[in-house]
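*Asks:* Structure file upload_36.pdb (PDB, C-alpha atoms and all ligand atoms) right here:
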```pdb
ATOM      1  CA  MET A 284      84.078 -17.292 286.405
ATOM      2  CA  PRO A 285      87.447 -18.329 287.834
ATOM      3  CA  ARG A 286      90.364 -16.293 286.587
ATOM      4  CA  HIS A 287      92.988 -18.506 285.019
ATOM      5  CA  HIS A 288      96.611 -18.063 285.878
ATOM      6  CA  ALA A 289      99.437 -18.827 283.477
ATOM      7  CA  PRO A 290      99.775 -22.617 283.507
ATOM      8  CA  ARG A 291     102.160 -24.097 286.041
ATOM      9  CA  HIS A 292     104.477 -26.787 284.691
ATOM     10  CA  PHE A 293     106.685 -29.478 286.220
ATOM     11  CA  LEU A 294     109.622 -29.694 283.838
ATOM     12  CA  ALA A 295     112.498 -29.957 286.307
ATOM     13  CA  ASP A 296     112.710 -30.744 290.005
ATOM     14  CA  ASP A 297     113.437 -27.157 290.985
ATOM     15  CA  ASP A 298     110.211 -25.903 289.417
ATOM     16  CA  LEU A 299     108.885 -26.542 292.943
ATOM     17  CA  SER A 300     110.177 -24.321 295.734
ATOM     18  CA  PRO A 301     111.072 -26.050 299.010
ATOM     19  CA  ASP A 302     107.657 -25.102 300.446
ATOM     20  CA  GLU A 303     105.839 -26.287 297.336
ATOM     21  CA  GLN A 304     107.744 -29.577 297.334
ATOM     22  CA  THR A 305     106.618 -30.163 300.923
ATOM     23  CA  GLN A 306     103.052 -29.245 299.949
ATOM     24  CA  VAL A 307     103.117 -31.775 297.080
ATOM     25  CA  LEU A 308     104.589 -34.500 299.296
ATOM     26  CA  ASP A 309     101.952 -33.846 301.967
ATOM     27  CA  LEU A 310      99.242 -34.061 299.308
ATOM     28  CA  ALA A 311     100.731 -37.297 297.949
ATOM     29  CA  ALA A 312     100.614 -38.846 301.415
ATOM     30  CA  ARG A 313      97.017 -37.683 301.823
ATOM     31  CA  LEU A 314      95.970 -39.097 298.429
ATOM     32  CA  LYS A 315      97.691 -42.370 299.235
ATOM     33  CA  ALA A 316      95.404 -42.661 302.269
ATOM     34  CA  ALA A 317      92.322 -41.314 300.461
ATOM     35  CA  PRO A 318      92.741 -41.999 296.713
ATOM     36  CA  TYR A 319      89.566 -40.221 295.534
ATOM     37  CA  ASP A 320      89.918 -37.025 297.578
ATOM     38  CA  ALA A 321      91.119 -34.850 294.702
ATOM     39  CA  ARG A 322      89.110 -34.565 291.459
ATOM     40  CA  PRO A 323      90.890 -31.906 289.358
ATOM     41  CA  TYR A 324      89.825 -33.598 286.098
ATOM     42  CA  ALA A 325      86.187 -34.281 287.042
ATOM     43  CA  GLY A 326      84.033 -34.072 283.949
ATOM     44  CA  PRO A 327      86.050 -35.998 282.834
ATOM     45  CA  GLN A 328      88.683 -33.805 281.257
ATOM     46  CA  SER A 329      91.463 -35.573 279.376
ATOM     47  CA  VAL A 330      95.186 -35.759 280.040
ATOM     48  CA  ALA A 331      97.437 -36.568 277.079
ATOM     49  CA  MET A 332     100.258 -39.000 277.864
ATOM     50  CA  ILE A 333     102.913 -39.139 275.147
ATOM     51  CA  PHE A 334     105.853 -41.549 275.206
ATOM     52  CA  ASP A 335     108.800 -41.230 272.833
ATOM     53  CA  LYS A 336     110.799 -43.762 274.882
ATOM     54  CA  PRO A 337     109.832 -47.108 276.460
ATOM     55  CA  THR A 338     107.676 -47.085 279.583
ATOM     56  CA  LEU A 339     105.964 -49.368 282.055
ATOM     57  CA  ARG A 340     105.669 -47.704 285.468
ATOM     58  CA  THR A 341     105.160 -44.221 284.108
ATOM     59  CA  GLN A 342     102.351 -45.096 281.714
ATOM     60  CA  VAL A 343     100.561 -47.339 284.164
ATOM     61  CA  SER A 344     100.897 -45.066 287.193
ATOM     62  CA  PHE A 345      99.811 -41.966 285.275
ATOM     63  CA  ALA A 346      96.858 -43.760 283.674
ATOM     64  CA  ALA A 347      95.652 -45.228 286.963
ATOM     65  CA  GLY A 348      96.272 -41.969 288.796
ATOM     66  CA  ILE A 349      94.504 -39.761 286.244
ATOM     67  CA  ALA A 350      91.469 -42.067 286.418
ATOM     68  CA  GLU A 351      91.467 -41.762 290.212
ATOM     69  CA  LEU A 352      91.558 -37.960 289.775
ATOM     70  CA  GLY A 353      88.309 -38.150 287.780
ATOM     71  CA  GLY A 354      90.013 -37.728 284.405
ATOM     72  CA  ASN A 355      90.431 -39.538 281.124
ATOM     73  CA  PRO A 356      94.001 -40.764 280.538
ATOM     74  CA  MET A 357      94.590 -40.443 276.794
ATOM     75  CA  LEU A 358      97.551 -42.357 275.394
ATOM     76  CA  VAL A 359      99.027 -40.515 272.422
ATOM     77  CA  GLU A 360     101.305 -42.829 270.493
ATOM     78  CA  GLY A 361     104.581 -40.964 270.132
ATOM     79  CA  ARG A 362     105.557 -42.745 266.908
ATOM     80  CA  LEU A 363     102.257 -41.843 265.234
ATOM     81  CA  ALA A 364     102.252 -38.250 266.443
ATOM     82  CA  GLY A 365     105.830 -37.735 265.224
ATOM     83  CA  ILE A 366     106.322 -34.627 267.329
ATOM     84  CA  GLY A 367     109.101 -32.482 265.901
ATOM     85  CA  VAL A 368     109.209 -34.722 262.807
ATOM     86  CA  ARG A 369     105.753 -34.725 261.258
ATOM     87  CA  GLU A 370     104.963 -31.304 262.689
ATOM     88  CA  SER A 371     106.686 -28.876 264.994
ATOM     89  CA  VAL A 372     106.554 -29.110 268.769
ATOM     90  CA  GLU A 373     104.918 -25.662 268.790
ATOM     91  CA  ASP A 374     102.052 -26.738 266.506
ATOM     92  CA  VAL A 375     101.482 -29.975 268.415
ATOM     93  CA  ALA A 376     101.414 -27.990 271.657
ATOM     94  CA  ARG A 377      98.814 -25.544 270.311
ATOM     95  CA  VAL A 378      96.585 -28.417 269.158
ATOM     96  CA  LEU A 379      96.895 -30.459 272.357
ATOM     97  CA  GLY A 380      96.106 -27.408 274.465
ATOM     98  CA  ARG A 381      92.715 -27.117 272.714
ATOM     99  CA  GLN A 382      91.812 -30.716 273.579
ATOM    100  CA  VAL A 383      93.273 -31.698 276.925
ATOM    101  CA  ALA A 384      93.702 -30.266 280.407
ATOM    102  CA  THR A 385      97.320 -31.393 280.880
ATOM    103  CA  VAL A 386     100.136 -32.834 278.779
ATOM    104  CA  VAL A 387     102.420 -35.526 280.222
ATOM    105  CA  TRP A 388     105.408 -36.151 277.931
ATOM    106  CA  ARG A 389     108.386 -38.515 277.985
ATOM    107  CA  THR A 390     110.926 -37.485 275.389
ATOM    108  CA  PHE A 391     114.624 -36.906 274.749
ATOM    109  CA  GLU A 392     115.369 -33.191 274.729
ATOM    110  CA  GLN A 393     114.515 -30.981 277.693
ATOM    111  CA  SER A 394     114.320 -28.058 275.249
ATOM    112  CA  ASP A 395     111.442 -29.757 273.377
ATOM    113  CA  LEU A 396     109.534 -30.170 276.644
ATOM    114  CA  GLU A 397     110.107 -26.485 277.360
ATOM    115  CA  LEU A 398     108.709 -25.609 273.922
ATOM    116  CA  MET A 399     105.633 -27.744 274.626
ATOM    117  CA  ALA A 400     105.144 -25.828 277.869
ATOM    118  CA  ARG A 401     105.545 -22.451 276.176
ATOM    119  CA  PHE A 402     102.919 -23.107 273.481
ATOM    120  CA  SER A 403     100.338 -25.496 274.966
ATOM    121  CA  GLY A 404      98.516 -23.152 277.336
ATOM    122  CA  VAL A 405      97.975 -26.048 279.781
ATOM    123  CA  PRO A 406     100.210 -27.604 282.462
ATOM    124  CA  VAL A 407     103.001 -29.776 281.047
ATOM    125  CA  VAL A 408     104.632 -32.536 283.095
ATOM    126  CA  ASN A 409     108.034 -34.099 282.487
ATOM    127  CA  ALA A 410     107.564 -37.869 282.399
ATOM    128  CA  LEU A 411     111.366 -38.242 281.850
ATOM    129  CA  THR A 412     113.780 -36.523 279.525
ATOM    130  CA  ASP A 413     117.478 -37.104 278.959
ATOM    131  CA  GLU A 414     118.094 -34.449 281.610
ATOM    132  CA  PHE A 415     115.526 -34.963 284.394
ATOM    133  CA  HIS A 416     112.990 -37.402 285.861
ATOM    134  CA  PRO A 417     111.240 -35.174 288.398
ATOM    135  CA  CYS A 418     108.065 -37.234 288.928
ATOM    136  CA  GLN A 419     110.243 -40.157 289.977
ATOM    137  CA  LEU A 420     111.889 -37.940 292.570
ATOM    138  CA  ILE A 421     108.590 -36.952 294.168
ATOM    139  CA  ALA A 422     107.859 -40.680 294.484
ATOM    140  CA  ASP A 423     111.348 -41.311 295.850
ATOM    141  CA  LEU A 424     111.116 -38.531 298.432
ATOM    142  CA  LEU A 425     107.672 -39.760 299.479
ATOM    143  CA  THR A 426     109.163 -43.225 299.956
ATOM    144  CA  VAL A 427     112.076 -41.892 301.999
ATOM    145  CA  ARG A 428     109.685 -39.869 304.150
ATOM    146  CA  GLU A 429     107.585 -42.970 304.831
ATOM    147  CA  HIS A 430     110.618 -44.908 306.007
ATOM    148  CA  LYS A 431     112.725 -42.178 307.631
ATOM    149  CA  GLY A 432     110.436 -39.308 308.607
ATOM    150  CA  ALA A 433     111.765 -35.817 307.875
ATOM    151  CA  LEU A 434     113.914 -35.461 304.762
ATOM    152  CA  ALA A 435     116.042 -32.469 305.771
ATOM    153  CA  GLY A 436     119.417 -33.510 307.127
ATOM    154  CA  LEU A 437     119.395 -37.058 305.719
ATOM    155  CA  THR A 438     122.426 -38.204 303.721
ATOM    156  CA  VAL A 439     121.813 -39.713 300.287
ATOM    157  CA  ALA A 440     124.495 -41.642 298.393
ATOM    158  CA  TYR A 441     123.875 -42.061 294.662
ATOM    159  CA  VAL A 442     126.318 -44.459 292.978
ATOM    160  CA  GLY A 443     126.781 -45.316 289.308
ATOM    161  CA  ASP A 444     125.728 -43.192 286.324
ATOM    162  CA  ALA A 445     125.358 -39.894 288.128
ATOM    163  CA  ALA A 446     125.397 -37.949 284.847
ATOM    164  CA  ASN A 447     121.974 -39.230 283.800
ATOM    165  CA  ASN A 448     118.470 -37.888 284.413
ATOM    166  CA  MET A 449     118.243 -39.552 287.848
ATOM    167  CA  GLY A 450     121.563 -38.100 289.011
ATOM    168  CA  ASN A 451     120.495 -34.599 287.998
ATOM    169  CA  SER A 452     117.056 -34.986 289.524
ATOM    170  CA  TRP A 453     118.419 -36.299 292.822
ATOM    171  CA  LEU A 454     120.739 -33.289 292.993
ATOM    172  CA  LEU A 455     117.972 -30.747 292.468
ATOM    173  CA  ALA A 456     115.145 -32.445 294.362
ATOM    174  CA  GLY A 457     117.378 -33.580 297.224
ATOM    175  CA  ALA A 458     118.844 -30.094 297.615
ATOM    176  CA  THR A 459     115.316 -28.669 297.588
ATOM    177  CA  ALA A 460     114.442 -31.054 300.430
ATOM    178  CA  GLY A 461     117.505 -29.980 302.468
ATOM    179  CA  MET A 462     119.274 -33.329 302.114
ATOM    180  CA  HIS A 463     122.991 -34.010 301.866
ATOM    181  CA  LEU A 464     123.716 -35.485 298.433
ATOM    182  CA  ARG A 465     126.841 -37.471 297.657
ATOM    183  CA  LEU A 466     127.039 -38.580 294.044
ATOM    184  CA  ALA A 467     129.742 -41.061 293.107
ATOM    185  CA  GLY A 468     130.567 -42.115 289.565
ATOM    186  CA  PRO A 469     133.509 -42.687 287.256
ATOM    187  CA  GLN A 470     135.222 -39.753 285.634
ATOM    188  CA  GLY A 471     132.914 -38.180 283.074
ATOM    189  CA  TYR A 472     129.774 -39.584 284.698
ATOM    190  CA  LEU A 473     128.994 -36.953 287.303
ATOM    191  CA  PRO A 474     126.496 -34.123 286.789
ATOM    192  CA  SER A 475     127.872 -31.044 285.023
ATOM    193  CA  ASP A 476     129.440 -28.182 286.965
ATOM    194  CA  GLY A 477     126.404 -26.114 286.031
ATOM    195  CA  MET A 478     124.068 -28.682 287.559
ATOM    196  CA  PHE A 479     126.144 -28.782 290.766
ATOM    197  CA  ALA A 480     126.025 -24.984 290.920
ATOM    198  CA  ARG A 481     122.255 -24.953 290.369
ATOM    199  CA  ALA A 482     121.727 -27.526 293.146
ATOM    200  CA  GLY A 483     124.337 -25.916 295.397
ATOM    201  CA  ALA A 484     122.484 -22.598 295.292
ATOM    202  CA  ILE A 485     119.313 -24.365 296.444
ATOM    203  CA  ALA A 486     121.178 -26.313 299.140
ATOM    204  CA  ALA A 487     122.627 -23.065 300.493
ATOM    205  CA  ARG A 488     119.045 -21.959 301.260
ATOM    206  CA  THR A 489     117.708 -25.260 302.579
ATOM    207  CA  GLY A 490     120.679 -26.368 304.708
ATOM    208  CA  GLY A 491     121.483 -29.279 302.400
ATOM    209  CA  SER A 492     124.705 -29.956 300.516
ATOM    210  CA  VAL A 493     125.867 -31.483 297.220
ATOM    211  CA  THR A 494     129.134 -33.341 296.664
ATOM    212  CA  GLY A 495     130.549 -35.187 293.654
ATOM    213  CA  LEU A 496     132.978 -38.031 294.342
ATOM    214  CA  ALA A 497     134.922 -40.677 292.480
ATOM    215  CA  ASP A 498     135.009 -42.968 295.531
ATOM    216  CA  GLN A 499     131.828 -44.977 295.999
ATOM    217  CA  VAL A 500     132.845 -46.202 299.478
ATOM    218  CA  VAL A 501     133.327 -42.637 300.729
ATOM    219  CA  ALA A 502     129.937 -41.729 299.256
ATOM    220  CA  VAL A 503     128.079 -44.606 300.890
ATOM    221  CA  THR A 504     129.748 -44.512 304.304
ATOM    222  CA  GLY A 505     127.128 -43.649 306.926
ATOM    223  CA  ALA A 506     124.459 -42.805 304.327
ATOM    224  CA  ASP A 507     120.768 -43.043 305.268
ATOM    225  CA  VAL A 508     119.597 -43.610 301.703
ATOM    226  CA  VAL A 509     121.523 -45.433 298.963
ATOM    227  CA  VAL A 510     120.406 -45.027 295.355
ATOM    228  CA  THR A 511     121.473 -46.404 292.018
ATOM    229  CA  ASP A 512     120.109 -46.559 288.479
ATOM    230  CA  THR A 513     120.829 -48.433 285.283
ATOM    231  CA  TRP A 514     124.213 -47.835 283.689
ATOM    232  CA  VAL A 515     122.561 -47.756 280.243
ATOM    233  CA  SER A 516     119.746 -45.240 280.073
ATOM    234  CA  MET A 517     117.172 -45.336 277.293
ATOM    235  CA  GLY A 518     118.770 -44.026 274.130
ATOM    236  CA  ARG A 519     122.308 -45.084 275.189
ATOM    237  CA  GLU A 520     122.016 -48.742 274.231
ATOM    238  CA  ASP A 521     124.871 -48.531 271.728
ATOM    239  CA  GLU A 522     127.271 -47.616 274.570
ATOM    240  CA  GLU A 523     126.366 -50.661 276.673
ATOM    241  CA  ALA A 524     129.667 -52.574 276.520
ATOM    242  CA  ALA A 525     131.853 -49.537 277.190
ATOM    243  CA  ARG A 526     129.647 -48.438 280.046
ATOM    244  CA  GLU A 527     129.624 -51.836 281.761
ATOM    245  CA  ALA A 528     133.429 -51.815 281.875
ATOM    246  CA  VAL A 529     133.711 -48.353 283.381
ATOM    247  CA  PHE A 530     130.820 -48.695 285.856
ATOM    248  CA  ALA A 531     131.627 -52.172 287.219
ATOM    249  CA  PRO A 532     133.369 -50.881 290.401
ATOM    250  CA  TYR A 533     130.241 -48.865 291.229
ATOM    251  CA  SER A 534     127.908 -51.836 291.427
ATOM    252  CA  LEU A 535     125.712 -51.644 294.530
ATOM    253  CA  THR A 536     126.719 -54.889 296.192
ATOM    254  CA  GLN A 537     126.047 -56.074 299.734
ATOM    255  CA  ASP A 538     129.707 -55.276 300.530
ATOM    256  CA  LEU A 539     129.279 -51.669 299.428
ATOM    257  CA  LEU A 540     125.940 -51.328 301.205
ATOM    258  CA  ALA A 541     127.572 -52.553 304.442
ATOM    259  CA  HIS A 542     129.316 -49.139 304.669
ATOM    260  CA  ALA A 543     125.968 -47.320 304.901
ATOM    261  CA  ALA A 544     124.063 -46.688 308.126
ATOM    262  CA  PRO A 545     122.742 -50.018 309.467
ATOM    263  CA  ASP A 546     119.164 -48.882 308.864
ATOM    264  CA  ALA A 547     119.854 -47.410 305.421
ATOM    265  CA  ILE A 548     117.241 -47.947 302.724
ATOM    266  CA  VAL A 549     117.939 -48.724 299.068
ATOM    267  CA  LEU A 550     116.114 -47.086 296.168
ATOM    268  CA  HIS A 551     116.156 -47.864 292.459
ATOM    269  CA  CYS A 552     113.711 -46.293 289.993
ATOM    270  CA  LEU A 553     113.611 -49.536 287.901
ATOM    271  CA  PRO A 554     114.019 -51.216 285.520
ATOM    272  CA  ALA A 555     116.891 -52.891 287.370
ATOM    273  CA  TYR A 556     119.600 -55.136 286.012
ATOM    274  CA  ARG A 557     120.595 -57.585 288.730
ATOM    275  CA  GLY A 558     124.305 -58.310 288.769
ATOM    276  CA  LYS A 559     125.054 -55.038 286.978
ATOM    277  CA  GLU A 560     124.286 -51.778 288.811
ATOM    278  CA  ILE A 561     122.698 -53.634 291.742
ATOM    279  CA  ALA A 562     123.216 -57.097 293.234
ATOM    280  CA  ALA A 563     120.179 -59.370 293.441
ATOM    281  CA  GLU A 564     120.724 -59.775 297.189
ATOM    282  CA  VAL A 565     120.513 -55.986 297.607
ATOM    283  CA  ILE A 566     117.444 -55.241 295.502
ATOM    284  CA  ASP A 567     115.684 -58.337 296.808
ATOM    285  CA  GLY A 568     117.018 -57.861 300.356
ATOM    286  CA  PRO A 569     115.535 -56.349 303.519
ATOM    287  CA  GLN A 570     116.883 -52.819 302.979
ATOM    288  CA  SER A 571     115.283 -52.442 299.555
ATOM    289  CA  VAL A 572     112.149 -50.297 299.327
ATOM    290  CA  VAL A 573     111.859 -50.387 295.543
ATOM    291  CA  TRP A 574     108.326 -51.784 295.416
ATOM    292  CA  ASP A 575     107.022 -49.042 297.721
ATOM    293  CA  GLU A 576     108.903 -46.632 295.480
ATOM    294  CA  ALA A 577     107.211 -48.028 292.366
ATOM    295  CA  GLU A 578     103.765 -47.842 293.969
ATOM    296  CA  ASN A 579     104.414 -44.290 295.080
ATOM    297  CA  ARG A 580     104.726 -43.123 291.489
ATOM    298  CA  ARG A 581     100.929 -43.041 291.317
ATOM    299  CA  HIS A 582     100.414 -41.136 294.564
ATOM    300  CA  ALA A 583     103.234 -38.700 293.804
ATOM    301  CA  GLN A 584     102.046 -37.933 290.270
ATOM    302  CA  LYS A 585      98.461 -37.455 291.399
ATOM    303  CA  ALA A 586      99.725 -34.842 293.846
ATOM    304  CA  VAL A 587     101.808 -33.129 291.151
ATOM    305  CA  LEU A 588      98.859 -33.007 288.736
ATOM    306  CA  THR A 589      96.463 -31.742 291.402
ATOM    307  CA  PHE A 590      98.939 -29.079 292.513
ATOM    308  CA  LEU A 591      99.518 -27.863 288.958
ATOM    309  CA  MET A 592      95.786 -27.748 288.170
ATOM    310  CA  GLU A 593      95.043 -25.829 291.377
ATOM    311  CA  GLN A 594      97.850 -23.369 290.726
ATOM    312  CA  THR A 595      96.715 -22.922 287.116
ATOM    313  CA  ALA A 596      92.987 -22.570 287.695
ATOM    314  CA  GLY A 597      93.222 -20.439 290.876
ATOM    315  CA  ASP A 598      90.205 -18.243 291.572
ATOM    316  CA  SER A 599      91.913 -15.259 293.104
TER     317      SER A 599
HETATM  318  N1  LIG A 601     118.012 -43.358 283.732
HETATM  319  C1  LIG A 601     116.992 -44.253 283.265
HETATM  320  C2  LIG A 601     115.739 -44.126 284.073
HETATM  321  C3  LIG A 601     114.657 -45.081 283.719
HETATM  322  C4  LIG A 601     113.358 -44.847 284.441
HETATM  323  C5  LIG A 601     116.713 -43.998 281.799
HETATM  324  O1  LIG A 601     116.641 -42.837 281.401
HETATM  325  O2  LIG A 601     116.573 -44.952 281.038
END
```
How would this structure read if it were set down as structure tokens?
Ligand code: NVA
*Replies:*
Amino acid sequence: MPRHHAPRHFLADDDLSPDEQTQVLDLAARLKAAPYDARPYAGPQSVAMIFDKPTLRTQVSFAAGIAELGGNPMLVEGRLAGIGVRESVEDVARVLGRQVATVVWRTFEQSDLELMARFSGVPVVNALTDEFHPCQLIADLLTVREHKGALAGLTVAYVGDAANNMGNSWLLAGATAGMHLRLAGPQGYLPSDGMFARAGAIAARTGGSVTGLADQVVAVTGADVVVTDTWVSMGREDEEAAREAVFAPYSLTQDLLAHAAPDAIVLHCLPAYRGKEIAAEVIDGPQSVVWDEAENRRHAQKAVLTFLMEQTAGDS
């Protein structure tokens, strides 16, 4: 009988070492070419997908991907489950762990996701929290690799709300990949000092770098990859008007993009708001790779799930 290791989780981008991140990206590329090559959920075993915030890409790409991995994607309606309201995260985790092989959860607090991981006994995957969106970053890095080759040494400019989950995840995942990260946002909308320190320590080992800037033109100048995200993340809707005023200068327009390398690519995790954080001519223009990026969610997440299941089951 295989000996089971403690479950491996993917809660934040730096849960993967640089070598492991490369391994996952290689596997994602392989599964993109051969979608049915990995069958970690053959049986089928079930994977619970729980959403406490809106979703399109994440639900669809996980459901399709889990099916391709031989598993049963089980949608658990967040509102009905009432995790942390109707019963504690710990009790939900214990129950889910007796029924499913993996838990995929989109929620607000990173600390709740960590509790789920501590008590479930099965791999837990972050499908977005207020703090991180690590599955998106595996898809993003896969997309950059497809268009640019090696990741190490590339310069990434992230403009807009750099204090959100995508800003944090780009810092950690980009540093892990040995990239040079320049994040530009208005005062109060950059990652915390602690997050910069956490990413900086990784970058010191991988040869990457992390910089926070107020000036979006400085950030974008010469960049190989230009990234933005909505100014109003899920859960922040009541701040919309104030945010639009403060973020307006950081809109990714064609004029701003013109400062990047001529062959720069543009990423956006979607949903996008044309005329706000990104101009229509940019997201719909020739430098945009957002549809590849959206497709790559499935390939990336399949690789993450397969990696976690292999690491958890292990037979050594
Ligand atoms: N920062 C955005 C990402 C959406 C996929 C949000 O949290 O709403």
*Asks:* Tell me which residues the PyMOL selection byres (((not hetatm)) within 10 of (chain A and resi 601)) grabs here, as a ChimeraX atom specification.
*Replies:* /A:336-341,389-391,410-416,419,444-450,511-520,551-555
*Asks:* Can you turn the PyMOL selection byres (((chain A and resi 443) around 12) and not hetatm) into a concrete residue list for this file, as JSON, numbers by chain?
*Replies:* {"A": [440, 441, 442, 444, 445, 446, 447, 449, 450, 465, 466, 467, 468, 469, 470, 471, 472, 473, 474, 495, 496, 497, 498, 499, 500, 502, 503, 509, 510, 511, 512, 513, 514, 515, 516, 526, 527, 528, 529, 530, 531, 532, 533, 534, 535, 536, 551, 559, 560, 561]}
*Asks:* Between CA of Gly505 in chain A and CA of Pro545 in chain A, what distance in Å does the model show, to one decimal?
*Replies:*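 So the answer is 8.1 Å.
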*Asks:* Return the single residue from A:Gly436, A:Gly367, A:Gly353, A:Gly568 that is closest to Pro318 in chain A, with distances computed using only C-alpha atoms.
*Replies:* A:Gly353
*Asks:* For the structure shown, which residues end up in the PyMOL selection byres (((chain A and resi 373) around 7) and not hetatm)? Put them as a VMD selection string, please?
*Replies:* chain A and resid 371 to 372 374 to 377 398 to 399 402
*Asks:* Could the residues in this selection be written to a file with C-alpha atoms, as an mmCIF file, keeping the file's coordinate frame?
*Replies:*
```
data_model
loop_
_atom_site.group_PDB
_atom_site.id
_atom_site.type_symbol
_atom_site.label_atom_id
_atom_site.label_comp_id
_atom_site.auth_asym_id
_atom_site.auth_seq_id
_atom_site.Cartn_x
_atom_site.Cartn_y
_atom_site.Cartn_z
ATOM 1 C CA SER A 371 106.686 -28.876 264.994
ATOM 2 C CA VAL A 372 106.554 -29.110 268.769
ATOM 3 C CA ASP A 374 102.052 -26.738 266.506
ATOM 4 C CA VAL A 375 101.482 -29.975 268.415
ATOM 5 C CA ALA A 376 101.414 -27.990 271.657
ATOM 6 C CA ARG A 377 98.814 -25.544 270.311
ATOM 7 C CA LEU A 398 108.709 -25.609 273.922
ATOM 8 C CA MET A 399 105.633 -27.744 274.626
ATOM 9 C CA PHE A 402 102.919 -23.107 273.481
#
```
*Asks:* Counting only C-alpha atoms, what is within 8 Å of Met357 in chain A, bar same-chain residues fewer than 5 positions away, as a list in words?
*Replies:* Ser329, Val330, Ala331, Met332 and Ala346 of chain A
*Asks:* For a quick check of understanding, using all atoms listed in the file, which of A:Glu397, A:Glu523, A:Glu593, A:Asp575 has the smallest distance to Glu429 in chain A?
*Replies:* A:Asp575
*Asks:* Quick check, in Å to one decimal: how far apart do CA of Thr459 in chain A and CA of Asp546 in chain A lie?
*Replies:*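 Result for CA of Thr459 in chain A versus CA of Asp546 in chain A: 23.5 Å, one decimal.
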*Asks:* Compile the contact shell of Asp297 in chain A as a PyMOL selection string: residues with an atom at most 12 Å away, counting all atoms listed in the file, same-chain residues fewer than 6 positions apart removed.
*Replies:* chain A and resi 303-304+415-418+420-421+451-460+478+481-486
*Asks:* Show me, as JSON, the centre and edge lengths in Å to one decimal of the axis-aligned box that covers every listed atom of range 318-321 of chain A with 8 Å on each side.
*Replies:*
```
{"center_x": 91.2, "center_y": -38.4, "center_z": 296.1, "size_x": 19.2, "size_y": 23.1, "size_z": 18.9}
```
*Asks:* As a PDB file, in the frame of the given file, could you write out range 474-485 of chain A once it has been completed with N, CA and C atoms?
*Replies:*
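Contents of the output file result_20.pdb:
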```pdb
ATOM      1  N   PRO A 474     127.225 -35.264 287.355  1.00  0.00           N
ATOM      2  CA  PRO A 474     126.496 -34.123 286.789  1.00  0.00           C
ATOM      3  C   PRO A 474     127.458 -33.003 286.398  1.00  0.00           C
ATOM      4  N   SER A 475     127.027 -32.147 285.498  1.00  0.00           N
ATOM      5  CA  SER A 475     127.872 -31.044 285.023  1.00  0.00           C
ATOM      6  C   SER A 475     128.134 -30.051 286.160  1.00  0.00           C
ATOM      7  N   ASP A 476     129.159 -29.235 285.979  1.00  0.00           N
ATOM      8  CA  ASP A 476     129.440 -28.182 286.965  1.00  0.00           C
ATOM      9  C   ASP A 476     128.231 -27.256 287.118  1.00  0.00           C
ATOM     10  N   GLY A 477     127.575 -26.994 285.991  1.00  0.00           N
ATOM     11  CA  GLY A 477     126.404 -26.114 286.031  1.00  0.00           C
ATOM     12  C   GLY A 477     125.291 -26.707 286.886  1.00  0.00           C
ATOM     13  N   MET A 478     125.124 -28.025 286.778  1.00  0.00           N
ATOM     14  CA  MET A 478     124.068 -28.682 287.559  1.00  0.00           C
ATOM     15  C   MET A 478     124.425 -28.658 289.046  1.00  0.00           C
ATOM     16  N   PHE A 479     125.717 -28.872 289.355  1.00  0.00           N
ATOM     17  CA  PHE A 479     126.144 -28.782 290.766  1.00  0.00           C
ATOM     18  C   PHE A 479     125.921 -27.367 291.302  1.00  0.00           C
ATOM     19  N   ALA A 480     126.202 -26.372 290.466  1.00  0.00           N
ATOM     20  CA  ALA A 480     126.025 -24.984 290.920  1.00  0.00           C
ATOM     21  C   ALA A 480     124.542 -24.691 291.163  1.00  0.00           C
ATOM     22  N   ARG A 481     123.716 -25.175 290.251  1.00  0.00           N
ATOM     23  CA  ARG A 481     122.255 -24.953 290.369  1.00  0.00           C
ATOM     24  C   ARG A 481     121.718 -25.603 291.655  1.00  0.00           C
ATOM     25  N   ALA A 482     122.171 -26.838 291.928  1.00  0.00           N
ATOM     26  CA  ALA A 482     121.727 -27.526 293.146  1.00  0.00           C
ATOM     27  C   ALA A 482     122.370 -26.905 294.383  1.00  0.00           C
ATOM     28  N   GLY A 483     123.630 -26.504 294.254  1.00  0.00           N
ATOM     29  CA  GLY A 483     124.337 -25.916 295.397  1.00  0.00           C
ATOM     30  C   GLY A 483     123.667 -24.631 295.862  1.00  0.00           C
ATOM     31  N   ALA A 484     123.157 -23.850 294.923  1.00  0.00           N
ATOM     32  CA  ALA A 484     122.484 -22.598 295.292  1.00  0.00           C
ATOM     33  C   ALA A 484     121.209 -22.905 296.075  1.00  0.00           C
ATOM     34  N   ILE A 485     120.528 -23.967 295.709  1.00  0.00           N
ATOM     35  CA  ILE A 485     119.313 -24.365 296.444  1.00  0.00           C
ATOM     36  C   ILE A 485     119.706 -24.872 297.831  1.00  0.00           C
TER      37      ILE A 485
END
```
